[in-house]
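Engineer: Below: one structure in structure tokens.
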Amino acid sequence: MKHISLITLTLLLLVLNCNAQTEKGKFYLGANSDINAFYQDYSSKRYNSTTYGLNLNPEVGYFVSDNLVVGAKINLAYNKIKYSGNFSEEIDNSFYGIGLFTKHYLSTKALKPFVKAGIGYMYNNYTEVLPNKATTNQSSNTIYGDLDLGLAYYISKNISLDFSIGYRYNSFNSSKTISLDPSRKVHQLKTAVGFSISF
């Protein structure tokens with residue numbers, strides 16, 4: 001039994017001290033998906049809403065220095081919004097966008113904390129369902145900023161599993177006059193899981 005415990009401890013220490021490939025000159029491929037909830041604050045102050053959604057974000061990057069990667073990503077997202085207040089309705093949203101990011105690993109070990117930040121643009125196509133059940137299709141443009149804190153666990157020198165929590169700020173501007181506000185700000189809390197490959 002003592003021998004088994006010693007072997008297990010030795011293997012664990014080897015894994016935790018295994019140097020992952022996050023050195024300067026490596027390429028980075030990744031993807032993450034998050035389930036999120038956020039609160040919307042409208043300029044008219046007459047409405048509030050609850051939103052739940054799902055995002056998928058493929059990424060490609062390059063290590064410009066040890067443990068620091070910069071790159072670009074694609075944003076694909078869907079969410080459903082329920083409004084309350086002076087006006088009640090539901091909105092189904094589909095988002096498509098591009099963005100830039102930087103990711104800084106804070107360790108050289110296999111278990112790596114990281115800080116990640118990004119900015120981007122998204123096109124939003126959405127369907128409003130009004131209280132009388134009538135529907136209308138509209139669109140808007142979104143500028144966003146991200147800040148995430150996470151942990152990457154390298155299961156090999158090249159592949160990691162990533163877990164993070166974060167904050168996103170969105171600024172929406174509609175190209176049409178909608179039933180609520182043509183512009184609005186969204187404060188979003190999110191959790192994400194994903195993977196990355198360096199080579």
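The chains in the structure tokens are called A, B, ... from first to last as shown; in each chain the residues are counted from 1, and the ligands are counted from 1 in the order shown.
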Tell me which protein, DNA and RNA residues are within 8 Å of A:Ala31, counting only C-alpha atoms, leaving out same-chain ones fewer than 3 positions away, and put them as an NGL selection string.

Structural biologist: :A and (56-59 or 194-196)

Engineer: Show me, as a ChimeraX atom specification, the residues that have an atom within 12 Å of stretch 122-134 of chain A when counting only C-alpha atoms, minus same-chain residues fewer than 3 positions from it.

Structural biologist: /A:73-84,86-99,119,137-145,170-176,178-180

Engineer: Please compute the atom CA of A:Glu23-atom CA of A:Ser164 distance, one decimal, in Å.

Structural biologist: 21.6 Å

Engineer: Could you tell me how far atom CA of A:Ser33 lies from atom CA of A:Ser65, in Å and to one decimal?

Structural biologist: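 Spanning atom CA of A:Ser33 to atom CA of A:Ser65 is a straight-line distance of 26.2 Å.
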
Engineer: So what do you get for atom CA of A:Tyr154 versus atom CA of A:Phe63, distance-wise?

Structural biologist: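 We find that atom CA of A:Tyr154 and atom CA of A:Phe63 lie 16.4 Å from each other.
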
Engineer: Which residues come within 6 Å of A:Lys116, counting only C-alpha atoms, excluding same-chain residues fewer than 3 positions away, as a PyMOL selection string?

Structural biologist: chain A and resi 102-103+147-148

Engineer: Write the residues of the selection above to a file with all heavy atoms, as a short mmCIF file (atom, residue, chain, number, x, y, z; two decimals), in the first residue's frame.

Structural biologist:
```
data_model
loop_
_atom_site.label_atom_id
_atom_site.label_comp_id
_atom_site.auth_asym_id
_atom_site.auth_seq_id
_atom_site.Cartn_x
_atom_site.Cartn_y
_atom_site.Cartn_z
N THR A 102 -5.46 38.47 -26.20
CA THR A 102 -4.14 38.16 -25.67
C THR A 102 -4.33 37.30 -24.43
O THR A 102 -5.27 37.50 -23.66
CB THR A 102 -3.34 39.44 -25.35
OG1 THR A 102 -2.05 39.07 -24.85
CG2 THR A 102 -4.05 40.30 -24.32
N LYS A 103 -3.45 36.33 -24.25
CA LYS A 103 -3.56 35.37 -23.15
C LYS A 103 -2.18 35.21 -22.52
O LYS A 103 -1.21 34.88 -23.21
CB LYS A 103 -4.07 34.03 -23.68
CG LYS A 103 -4.39 32.98 -22.64
CD LYS A 103 -4.98 31.75 -23.34
CE LYS A 103 -5.42 30.69 -22.36
NZ LYS A 103 -5.99 29.51 -23.07
N LEU A 147 -12.62 40.22 -20.19
CA LEU A 147 -11.54 40.00 -19.24
C LEU A 147 -11.82 38.70 -18.51
O LEU A 147 -12.89 38.55 -17.89
CB LEU A 147 -11.41 41.15 -18.24
CG LEU A 147 -10.27 41.02 -17.22
CD1 LEU A 147 -8.92 40.99 -17.94
CD2 LEU A 147 -10.32 42.15 -16.21
N ASP A 148 -10.90 37.73 -18.60
CA ASP A 148 -11.10 36.39 -18.02
C ASP A 148 -9.93 35.99 -17.13
O ASP A 148 -8.77 36.33 -17.43
CB ASP A 148 -11.25 35.35 -19.12
CG ASP A 148 -12.41 35.64 -20.05
OD1 ASP A 148 -13.55 35.63 -19.58
OD2 ASP A 148 -12.16 35.87 -21.25
#
```

Engineer: Rank nothing, just name the residue among A:Phe199, A:Asp34, A:Leu68, A:Lys24 nearest to A:Ile159, using only C-alpha atoms.

Structural biologist: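 That would be A:Phe199, the residue with the smallest distance to A:Ile159.
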
Engineer: Skipping near chain neighbours, those fewer than 2 positions away, what residues fall within 8 Å of A:Lys190 using only C-alpha atoms, listed as a VMD selection string?

Structural biologist: chain A and resid 34 to 37 165 to 168 188 192

Engineer: Please dump the current selection as an mmCIF file, in the first residue's frame; keep N, CA and C atoms.

Structural biologist:
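Generated file (part-v2.cif):
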```cif
data_model
loop_
_atom_site.group_PDB
_atom_site.id
_atom_site.type_symbol
_atom_site.label_atom_id
_atom_site.label_comp_id
_atom_site.auth_asym_id
_atom_site.auth_seq_id
_atom_site.Cartn_x
_atom_site.Cartn_y
_atom_site.Cartn_z
ATOM 1 N N ASP A 34 -19.003 28.864 -23.562
ATOM 2 C CA ASP A 34 -19.437 29.311 -22.254
ATOM 3 C C ASP A 34 -20.945 29.422 -22.172
ATOM 4 N N ILE A 35 -21.440 29.139 -20.981
ATOM 5 C CA ILE A 35 -22.842 29.370 -20.645
ATOM 6 C C ILE A 35 -22.865 30.624 -19.791
ATOM 7 N N ASN A 36 -23.726 31.585 -20.131
ATOM 8 C CA ASN A 36 -23.656 32.865 -19.453
ATOM 9 C C ASN A 36 -25.024 33.386 -19.048
ATOM 10 N N ALA A 37 -24.991 34.333 -18.127
ATOM 11 C CA ALA A 37 -26.188 35.052 -17.701
ATOM 12 C C ALA A 37 -25.797 36.507 -17.536
ATOM 13 N N ILE A 165 -13.452 32.008 -15.629
ATOM 14 C CA ILE A 165 -14.599 32.858 -15.320
ATOM 15 C C ILE A 165 -14.252 34.245 -15.831
ATOM 16 N N GLY A 166 -15.272 35.035 -16.188
ATOM 17 C CA GLY A 166 -14.932 36.326 -16.757
ATOM 18 C C GLY A 166 -16.082 37.306 -16.815
ATOM 19 N N TYR A 167 -15.749 38.471 -17.327
ATOM 20 C CA TYR A 167 -16.690 39.580 -17.476
ATOM 21 C C TYR A 167 -16.630 40.079 -18.914
ATOM 22 N N ARG A 168 -17.799 40.399 -19.486
ATOM 23 C CA ARG A 168 -17.853 41.001 -20.824
ATOM 24 C C ARG A 168 -18.731 42.242 -20.791
ATOM 25 N N GLN A 188 -22.014 41.378 -18.612
ATOM 26 C CA GLN A 188 -22.175 39.928 -18.695
ATOM 27 C C GLN A 188 -21.151 39.200 -17.832
ATOM 28 N N ALA A 192 -16.459 29.537 -18.723
ATOM 29 C CA ALA A 192 -16.120 28.890 -19.998
ATOM 30 C C ALA A 192 -15.265 27.659 -19.768
#
```

Engineer: Run DSSP on the backbone and give me the residues of stretch 57-189 of chain A it puts in strand (DSSP E or B), as a ChimeraX atom specification.

Structural biologist: /A:57-65,68-85,90-105,111-129,135-154,159-174,183-189

Engineer: When you count only C-alpha atoms, which of these residues is closest to A:Ser107: A:Tyr28, A:Lys185, A:Gly61, A:Gln21?

Structural biologist: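 Of the candidates, the smallest distance to A:Ser107 is held by A:Gln21.
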